[in-house]
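Q: Here you go, protein22.cif (mmCIF, C-alpha atoms):
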data_input
#
loop_
_atom_site.label_atom_id
_atom_site.label_comp_id
_atom_site.auth_asym_id
_atom_site.auth_seq_id
_atom_site.Cartn_x
_atom_site.Cartn_y
_atom_site.Cartn_z
CA MET A 1 5.84 2.05 3.62
CA PRO A 2 2.08 2.04 4.15
CA ALA A 3 -0.29 3.13 1.39
CA ALA A 4 -3.94 4.18 1.45
CA THR A 5 -4.79 1.30 -0.84
CA ALA A 6 -6.48 -1.80 0.49
CA PRO A 7 -7.63 -5.14 -0.85
CA SER A 8 -11.31 -5.19 -1.73
CA PRO A 9 -13.68 -7.36 0.34
CA LEU A 10 -12.71 -11.05 0.57
CA VAL A 11 -9.51 -10.47 -1.44
CA LEU A 12 -6.19 -11.77 -0.09
CA ILE A 13 -2.84 -10.22 -0.98
CA PRO A 14 0.20 -12.21 0.18
CA ARG A 15 3.55 -10.49 -0.08
CA VAL A 16 7.04 -11.77 0.54
CA GLN A 17 9.94 -9.41 0.80
CA THR A 18 13.61 -10.21 1.28
CA ARG A 19 16.00 -7.66 2.68
CA ALA A 20 19.74 -8.03 2.99
CA TYR A 21 21.25 -5.54 5.43
CA PHE A 22 24.97 -4.86 5.29
CA TYR A 23 26.55 -3.30 8.37
CA GLU A 24 29.94 -2.05 9.43
CA ASP A 25 32.76 -4.55 9.90
CA GLY A 26 31.30 -7.08 7.49
CA GLN A 27 28.25 -7.85 9.63
CA SER A 28 24.97 -8.58 7.88
CA LEU A 29 21.37 -9.58 8.43
CA LEU A 30 18.96 -11.40 6.15
CA GLU A 31 15.26 -10.64 6.63
CA GLN A 32 12.43 -12.60 5.06
CA ASP A 33 9.17 -10.81 5.57
CA LEU A 34 5.79 -12.47 5.05
CA ARG A 35 2.79 -10.16 4.89
CA LEU A 36 -0.87 -11.03 4.39
CA GLU A 37 -3.47 -8.37 3.65
CA TYR A 38 -7.15 -9.23 3.59
CA GLY A 39 -10.18 -7.11 2.73
CA LEU A 40 -12.79 -7.34 5.49
CA ALA A 41 -15.24 -4.82 4.05
CA ARG A 42 -15.36 -2.07 1.44
CA ASP A 43 -12.97 0.27 3.24
CA LEU A 44 -11.65 -1.97 5.98
CA SER A 45 -8.71 -4.34 5.79
CA VAL A 46 -6.46 -6.26 8.12
CA SER A 47 -2.83 -7.21 7.70
CA LEU A 48 -0.40 -9.57 9.40
CA ASP A 49 3.32 -9.10 9.00
CA LEU A 50 5.83 -11.64 10.27
CA PRO A 51 9.59 -11.25 9.71
CA PHE A 52 12.13 -14.07 9.83
CA TYR A 53 15.77 -13.21 10.43
CA GLN A 54 19.15 -14.77 9.95
CA GLY A 55 21.96 -12.91 11.66
CA PHE A 56 25.61 -12.71 10.74
CA PHE A 57 26.71 -10.28 13.44
CA ASP A 58 29.68 -10.33 15.74
CA ALA A 59 28.87 -12.14 19.00
CA PRO A 60 27.03 -11.69 21.29
CA ARG A 61 24.46 -10.56 18.69
CA PRO A 62 23.04 -13.41 16.56
CA ALA A 63 26.02 -14.76 14.64
CA ASP A 64 26.90 -17.53 12.19
CA GLY A 65 23.54 -17.45 10.48
CA GLU A 66 21.50 -17.80 13.66
CA PHE A 67 17.84 -17.93 12.75
CA GLY A 68 14.95 -16.31 14.58
CA LEU A 69 11.47 -14.88 14.33
CA GLY A 70 10.73 -11.20 14.61
CA ASP A 71 7.68 -9.59 16.16
CA LEU A 72 4.33 -10.23 14.49
CA GLU A 73 2.66 -7.00 13.49
CA THR A 74 -1.07 -6.79 13.01
CA ILE A 75 -2.76 -3.71 11.57
CA LEU A 76 -6.41 -2.77 11.03
CA GLU A 77 -6.75 -0.11 8.35
CA LEU A 78 -9.81 2.01 7.60
CA ARG A 79 -9.99 4.09 4.43
CA VAL A 80 -11.53 7.43 5.32
CA LEU A 81 -11.21 9.27 2.02
CA ARG A 82 -11.59 8.21 -1.60
CA GLU A 83 -11.75 11.08 -4.05
CA ASP A 84 -11.61 9.79 -7.63
CA LEU A 85 -11.01 12.81 -9.83
CA ASN A 86 -11.11 11.22 -13.29
CA ALA A 87 -10.31 7.92 -15.02
CA VAL A 88 -6.87 7.65 -13.41
CA ASP A 89 -6.34 10.41 -10.83
CA THR A 90 -7.31 9.72 -7.26
CA VAL A 91 -6.63 10.84 -3.69
CA ARG A 92 -7.09 8.41 -0.82
CA ALA A 93 -6.47 8.52 2.90
CA ALA A 94 -6.58 5.87 5.58
CA VAL A 95 -6.06 5.61 9.32
CA PHE A 96 -4.81 2.51 11.06
CA VAL A 97 -4.30 1.00 14.49
CA GLY A 98 -2.44 -2.14 15.42
CA ALA A 99 0.18 -3.73 17.60
CA GLU A 100 3.49 -5.50 17.50
CA LEU A 101 3.23 -8.79 19.36
CA PRO A 102 6.21 -10.35 21.16
CA THR A 103 6.76 -13.35 18.91
CA GLY A 104 10.46 -12.66 18.44
CA THR A 105 13.10 -15.25 19.22
CA ALA A 106 16.88 -15.29 19.43
CA ASP A 107 17.12 -11.57 20.26
CA PHE A 108 15.33 -10.56 17.06
CA GLY A 109 12.19 -9.18 18.68
CA GLY A 110 10.86 -7.25 21.64
CA ASN A 111 9.26 -8.68 24.75
CA SER A 112 6.18 -6.50 24.89
CA VAL A 113 2.91 -5.77 23.16
CA ASP A 114 3.47 -2.41 21.49
CA PRO A 115 0.36 -0.66 20.16
CA CYS A 116 0.61 1.73 17.23
CA ALA A 117 -1.60 4.19 15.36
CA GLY A 118 -1.16 6.32 12.29
CA GLY A 119 -2.43 7.66 9.02
CA VAL A 120 -1.48 7.62 5.35
CA VAL A 121 -2.37 9.61 2.26
CA THR A 122 -1.92 8.35 -1.28
CA ALA A 123 -2.38 10.60 -4.31
CA ILE A 124 -2.04 9.58 -7.95
CA PHE A 125 -2.03 12.13 -10.75
CA GLY A 126 -1.36 10.64 -14.16
CA ARG A 127 2.10 9.09 -14.06
CA HIS A 128 2.93 10.50 -10.63
CA GLY A 129 2.12 8.92 -7.28
CA ILE A 130 2.80 10.27 -3.79
CA ASP A 131 2.51 8.51 -0.44
CA ALA A 132 2.89 10.17 2.94
CA ALA A 133 2.53 8.22 6.17
CA ALA A 134 3.01 8.87 9.87
CA ARG A 135 2.81 6.33 12.68
CA TYR A 136 3.39 6.43 16.41
CA THR A 137 4.33 3.24 18.27
CA PHE A 138 3.93 3.02 22.04
CA VAL A 139 6.72 0.76 23.28
CA THR A 140 5.59 -0.80 26.54
CA GLY A 141 8.68 -2.94 27.19
CA ASP A 142 12.35 -2.33 27.80
CA GLY A 143 13.59 -3.01 24.29
CA LEU A 144 16.48 -5.26 23.37
CA PHE A 145 19.69 -5.45 25.37
CA LEU A 146 21.58 -5.44 22.09
CA PRO A 147 19.37 -3.52 19.66
CA ILE A 148 19.66 -4.15 15.93
CA PHE A 149 17.07 -1.72 14.56
CA ALA A 150 16.18 1.79 15.70
CA THR A 151 12.84 0.38 16.82
CA ASP A 152 14.56 -1.97 19.30
CA GLU A 153 15.72 0.77 21.66
CA GLY A 154 12.83 0.43 24.12
CA GLU A 155 11.53 3.97 23.51
CA ASP A 156 8.36 5.14 21.81
CA PHE A 157 9.08 6.00 18.21
CA VAL A 158 7.59 7.76 15.23
CA ASN A 159 7.80 6.48 11.66
CA LEU A 160 7.59 9.13 8.98
CA ASP A 161 7.59 7.95 5.39
CA LEU A 162 7.36 9.90 2.16
CA GLY A 163 7.29 8.09 -1.17
CA TYR A 164 7.18 9.09 -4.82
CA ALA A 165 6.54 6.82 -7.79
CA PHE A 166 6.83 7.73 -11.46
CA ARG A 167 5.26 5.44 -14.05
CA LEU A 168 7.95 4.79 -16.64
CA LEU A 169 5.89 2.47 -18.84
CA PRO A 170 3.35 2.56 -20.25
CA THR A 171 3.41 6.31 -20.71
CA SER A 172 -0.32 6.14 -21.26
CA TYR A 173 -2.79 3.37 -20.47
CA GLY A 174 -4.87 1.87 -23.23
CA GLU A 175 -7.25 -1.02 -23.69
CA GLU A 176 -4.50 -3.61 -23.36
CA ARG A 177 -3.98 -5.54 -20.16
CA VAL A 178 -0.41 -4.48 -19.45
CA ALA A 179 2.00 -4.36 -16.57
CA ALA A 180 3.44 -1.03 -15.49
CA TRP A 181 7.01 -0.11 -14.59
CA TYR A 182 7.60 2.49 -11.91
CA ALA A 183 10.69 4.26 -10.63
CA THR A 184 10.24 4.81 -6.92
CA CYS A 185 11.97 6.75 -4.19
CA GLU A 186 11.14 6.79 -0.50
CA VAL A 187 12.44 8.60 2.54
CA ASN A 188 11.90 6.42 5.64
CA ALA A 189 12.52 8.10 8.97
CA ILE A 190 12.42 6.68 12.49
CA LEU A 191 12.61 9.09 15.41
CA THR A 192 12.61 7.84 18.99
CA ILE A 193 11.52 9.98 21.91
CA ALA A 194 14.98 9.41 23.36
CA GLY A 195 16.31 11.52 20.53
CA GLN A 196 17.79 8.86 18.30
CA SER A 197 17.00 8.90 14.64
CA GLU A 198 17.48 6.99 11.44
CA VAL A 199 16.66 8.29 7.99
CA LEU A 200 16.95 6.01 4.97
CA LEU A 201 16.78 6.96 1.31
CA SER A 202 15.21 4.13 -0.67
CA PRO A 203 15.27 4.27 -4.47
CA GLY A 204 13.79 1.35 -6.38
CA LEU A 205 11.97 -0.15 -9.33
CA LEU A 206 8.48 -1.62 -9.25
CA LEU A 207 6.85 -3.84 -11.84
CA GLU A 208 3.11 -4.07 -11.28
CA ALA A 209 0.81 -6.37 -13.23
CA PRO A 210 -2.89 -7.06 -12.60
CA ASN A 211 -2.13 -10.14 -10.47
CA TYR A 212 1.37 -9.60 -9.16
CA ALA A 213 4.02 -7.02 -8.43
CA ILE A 214 7.79 -7.28 -8.13
CA GLU A 215 9.90 -4.68 -6.40
CA LEU A 216 13.65 -4.12 -6.33
CA GLY A 217 15.27 -1.49 -4.20
CA LEU A 218 18.14 -0.12 -2.17
CA GLN A 219 18.15 1.51 1.23
CA VAL A 220 20.93 3.92 2.04
CA PRO A 221 21.25 5.56 5.46
CA VAL A 222 21.26 9.34 5.34
CA ILE A 223 21.10 9.97 9.09
CA GLU A 224 21.96 7.36 11.69
CA ASP A 225 22.89 8.67 15.11
CA SER A 226 22.74 5.66 17.41
CA GLN A 227 25.80 4.37 19.23
CA ASP A 228 24.01 1.25 20.44
CA ARG A 229 23.34 -0.43 17.10
CA PRO A 230 25.66 -1.66 14.37
CA ALA A 231 25.97 1.04 11.73
CA LEU A 232 24.03 0.22 8.58
CA ARG A 233 25.85 0.72 5.31
CA LEU A 234 23.32 -0.50 2.76
CA ALA A 235 20.25 -2.69 2.38
CA LEU A 236 18.97 -4.51 -0.70
CA VAL A 237 15.27 -5.23 -1.08
CA VAL A 238 13.49 -7.74 -3.32
CA GLY A 239 9.76 -8.22 -3.02
CA LEU A 240 6.92 -10.16 -4.61
CA ARG A 241 3.23 -9.44 -4.13
CA LEU A 242 0.36 -11.57 -5.41
CA LEU A 243 -3.34 -10.85 -5.65
CA PHE A 244 -6.01 -13.49 -5.15
CA MET B 245 17.13 16.04 23.35
CA PRO B 246 14.00 13.85 23.42
CA LYS B 247 11.79 16.93 23.13
CA HIS B 248 13.74 18.09 20.07
CA SER B 249 13.24 14.81 18.29
CA LEU B 250 9.55 14.71 19.07
CA ARG B 251 9.15 18.32 17.95
CA HIS B 252 10.83 17.47 14.64
CA ALA B 253 8.53 14.51 14.25
CA THR B 254 5.51 16.68 14.96
CA LEU B 255 6.64 19.29 12.45
CA LEU B 256 7.19 16.64 9.78
CA ALA B 257 3.79 15.13 10.52
CA CYS B 258 2.22 18.58 10.17
CA GLY B 259 4.03 19.00 6.86
CA PHE B 260 2.62 15.72 5.62
CA SER B 261 -0.85 16.78 6.74
CA VAL B 262 -0.62 20.08 4.84
CA LEU B 263 0.56 18.17 1.75
CA ALA B 264 -2.31 15.72 2.13
CA ILE B 265 -4.91 18.46 2.49
CA THR B 266 -3.46 20.34 -0.49
CA LEU B 267 -3.58 17.23 -2.64
CA ALA B 268 -7.11 16.52 -1.52
CA GLN B 269 -8.42 19.78 -3.04
CA PRO B 270 -9.39 18.68 -6.53
CA SER B 271 -9.73 21.31 -9.23
CA CYS B 272 -12.72 19.48 -10.59
CA ARG B 273 -14.98 16.89 -9.08
CA THR B 274 -16.24 13.70 -10.61
CA THR B 275 -19.70 13.75 -12.06
CA PRO B 276 -22.07 12.06 -9.68
CA VAL B 277 -23.55 8.82 -10.85
CA THR B 278 -27.03 10.33 -10.76
CA THR B 279 -26.13 12.88 -13.45
CA ALA B 280 -26.66 10.75 -16.50
CA SER B 281 -25.78 11.75 -20.05
CA THR B 282 -28.05 11.10 -23.00
CA GLU B 283 -26.28 7.76 -23.49
CA SER B 284 -26.91 6.63 -19.97
CA VAL B 285 -29.06 3.66 -19.22
CA ARG B 286 -32.35 4.95 -17.83
CA GLY B 287 -35.40 3.25 -16.53
CA PRO B 288 -35.63 0.29 -14.18
CA ASP B 289 -32.68 -0.88 -12.14
CA THR B 290 -32.59 -4.31 -13.74
CA LEU B 291 -30.36 -4.63 -16.80
CA GLU B 292 -31.42 -6.56 -19.87
CA THR B 293 -29.25 -8.85 -21.97
CA GLY B 294 -26.65 -6.88 -23.91
CA ASN B 295 -23.36 -5.02 -23.71
CA TYR B 296 -22.87 -2.16 -21.29
CA THR B 297 -20.06 0.28 -20.63
CA LEU B 298 -19.40 1.32 -17.07
CA VAL B 299 -17.61 4.65 -16.75
CA VAL B 300 -15.35 4.23 -13.73
CA HIS B 301 -13.04 6.76 -12.12
CA GLY B 302 -9.95 6.13 -10.00
CA MET B 303 -8.42 3.07 -11.71
CA SER B 304 -4.82 4.21 -11.57
CA CYS B 305 -2.73 1.04 -11.70
CA PRO B 306 -2.75 -2.46 -13.24
CA LYS B 307 -3.84 -3.99 -9.92
CA CYS B 308 -7.10 -2.05 -10.26
CA ILE B 309 -8.02 -4.31 -13.18
CA SER B 310 -7.97 -7.39 -10.98
CA ASN B 311 -9.93 -5.68 -8.23
CA VAL B 312 -12.70 -4.72 -10.66
CA GLU B 313 -12.73 -8.16 -12.28
CA LEU B 314 -12.91 -9.94 -8.92
CA GLN B 315 -15.85 -7.88 -7.69
CA LEU B 316 -17.83 -7.95 -10.95
CA ALA B 317 -17.31 -11.71 -11.20
CA ARG B 318 -19.41 -12.09 -8.06
CA ILE B 319 -22.51 -10.75 -9.84
CA ARG B 320 -24.47 -13.49 -11.60
CA GLY B 321 -25.17 -12.67 -15.21
CA VAL B 322 -22.14 -10.41 -15.72
CA SER B 323 -19.39 -11.71 -17.97
CA LYS B 324 -15.67 -11.13 -17.57
CA PRO B 325 -15.17 -7.42 -18.21
CA MET B 326 -12.86 -5.68 -20.67
CA ILE B 327 -11.15 -2.69 -19.12
CA ASP B 328 -9.83 0.44 -20.85
CA MET B 329 -7.89 2.24 -18.12
CA LYS B 330 -7.10 5.27 -20.26
CA HIS B 331 -10.74 6.28 -20.48
CA GLY B 332 -12.00 4.46 -17.42
CA PHE B 333 -14.31 2.21 -19.43
CA VAL B 334 -15.33 -1.22 -18.16
CA THR B 335 -17.25 -3.13 -20.83
CA ILE B 336 -19.42 -5.99 -19.66
CA THR B 337 -21.84 -8.39 -21.26
CA VAL B 338 -25.02 -9.04 -19.35
CA THR B 339 -26.79 -12.34 -19.86
CA THR B 340 -30.08 -12.56 -18.09
CA ALA B 341 -31.82 -15.70 -17.02
CA SER B 342 -34.70 -16.27 -14.69
CA GLY B 343 -33.91 -14.68 -11.36
CA THR B 344 -30.38 -13.63 -12.23
CA GLU B 345 -30.82 -10.19 -13.77
CA PRO B 346 -28.01 -7.94 -12.57
CA THR B 347 -29.05 -4.53 -11.29
CA LYS B 348 -27.49 -1.09 -11.43
CA PRO B 349 -27.07 -0.92 -7.62
CA GLN B 350 -25.26 -4.26 -7.74
CA LEU B 351 -22.82 -2.88 -10.31
CA ALA B 352 -22.33 0.33 -8.34
CA SER B 353 -21.72 -1.65 -5.18
CA ALA B 354 -19.22 -3.96 -6.90
CA ILE B 355 -17.26 -1.02 -8.31
CA ALA B 356 -17.27 0.69 -4.89
CA ASP B 357 -16.13 -2.57 -3.24
CA ALA B 358 -13.28 -2.70 -5.74
CA GLY B 359 -12.30 0.74 -4.50
CA PHE B 360 -13.47 2.97 -7.33
CA SER B 361 -16.31 5.28 -8.37
CA LEU B 362 -18.99 4.30 -10.87
CA ILE B 363 -19.91 7.46 -12.73
CA GLU B 364 -22.28 6.22 -15.39
CA ILE B 365 -23.69 3.10 -17.04
CA ARG B 366 -24.02 3.32 -20.83
CA SER B 367 -25.64 0.82 -23.12
CA GLY B 368 -23.47 -0.72 -25.80
CA ASP B 369 -19.70 -0.70 -26.32
CA PRO B 370 -17.51 2.36 -25.67
CA LYS B 371 -17.77 5.15 -28.26
#
Mind converting the file's structure to structure tokens?

A:
Amino acid sequence: MPAATAPSPLVLIPRVQTRAYFYEDGQSLLEQDLRLEYGLARDLSVSLDLPFYQGFFDAPRPADGEFGLGDLETILELRVLREDLNAVDTVRAAVFVGAELPTGTADFGGNSVDPCAGGVVTAIFGRHGIDAAARYTFVTGDGLFLPIFATDEGEDFVNLDLGYAFRLLPTSYGEERVAAWYATCEVNAILTIAGQSEVLLSPGLLLEAPNYAIELGLQVPVIEDSQDRPALRLALVVGLRLLF
Amino acid sequence: MPKHSLRHATLLACGFSVLAITLAQPSCRTTPVTTASTESVRGPDTLETGNYTLVVHGMSCPKCISNVELQLARIRGVSKPMIDMKHGFVTITVTTASGTEPTKPQLASAIADAGFSLIEIRSGDPK
């Protein structure tokens, strides 16, 4: 989910994330997501996000490990609030605009340029962190004939994300240069204007060091009311983020 | 049906906004950088050779260390900093040479670029 944190000027943060989706009837999908974030100015950053897919669905959806690109997403984010309360506690907010570009192949992406806009608030108080984000995507095309994700339906949709992180270790920061372990939990909701919805509960673990971060997580569907897509049972997430 | 879904989305978005506004009401504000304590470095903007402690607010995660280091490293005459996240202290060594004296505005700008607030510049190591 988005966060109101951004790379500082001229800093590049590459991130790779692998997701394995497991659907009904033994179908599955492997997603390799490459994301680049770059600081343009003090409170302004840009990001590019390109997913690669390998499908193991029943035909006629991509089957037998068929490979394809997803839609390239580009986002421009502007931090509009930074309220640092003491050494550690802080509240930040950012707004963003962007678009999904039709780079998808093999039925893994849309065929239209879909603009989006949204906002995110991040608050950290001691060992507790909260993220809340909302985003509206204007879908200008017809969507996929055989949708895989809730966002493939060809209807405008809203993403609502709420995340909580608890710092397990260290319990208190000191002068040492240490990594931190977090337990995380997110609720990721997608609501289309056609009335379909998907809500995922996403617990996880995050290890964050000064120059890298590793995340491990699960995604479990709580609400999934589409008849057009394969029903998701579970997703596993592994991610690596570097800071240059 | 579509209207229902959109209404739910709007309500949830409003809920998030209320949460955000509530969280953004701090019980106490940070001391502005212009309010210097007796230990603060006074006088001209240019810093002389020596150790300094920057009091920085908002460094809440290990990644913050790298952000601060990267931005301070771009100032000539400032050595690699030591960071105490618990107290928000960033200790630097300033080495001046002809034409390379770091200034207080440069330090404040670097800390702001890193995404944090410089509250105070003290001479010497943290006490």

Q: Could you tell me which residues the PyMOL selection byres ((chain A) within 6 of (chain B)) grabs in this file, written as a list in words?

A: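 Applied to this file, the PyMOL selection byres ((chain A) within 6 of (chain B)) returns Ser8, Arg42, Asp84, Leu85, Asn86, Ala87, Val88, Asp89, Thr90, Tyr173, Gly174, Glu175, Ile193, Ala194, Gly195, Ala209 and Pro210 of chain A.
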
Q: From the options A:Ala150, A:Ala93, A:Leu168, A:Ala59, which residue's atoms come nearest to Glu198 in chain A, counting only C-alpha atoms?

A: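 Looking only at the distances to Glu198 in chain A, the closest residue turns out to be A:Ala150.
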
Q: Provide the CA of Phe145 in chain A to CA of Gly70 in chain A distance in Å, to one decimal place.

A: 15.1 Å

Q: Need to verify the contact set: Asp49 in chain A, 8 Å, only C-alpha atoms, exclusion of same-chain residues closer than 4 positions in sequence. Can you return it as a list of chain:residue names?

A: A:Asp33, A:Leu34, A:Arg35, A:Leu36, A:Leu72, A:Glu73, A:Thr74

Q: For a test of reading the model, state the distance in Å between CA of Asp58 in chain A and CA of Ala20 in chain A, rounded to one decimal.

A: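 Taking CA of Asp58 in chain A and CA of Ala20 in chain A, their separation equals 16.3 Å.
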
Q: Leaving out range 287-295 of chain B and any residue of its chain fewer than 5 positions from it, which residues lie within 10 Å of it when counting all atoms listed in the file, given as number ranges by chain?

A: B: 321-323, 335-341, 344-350, 366-370

Q: Nearest to Thr5 in chain A: which of A:Pro60, A:Gln54, A:Val120, A:Gly68 is it, counting all atoms listed in the file?

A: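 For Thr5 in chain A, the nearest of the given residues is A:Val120.
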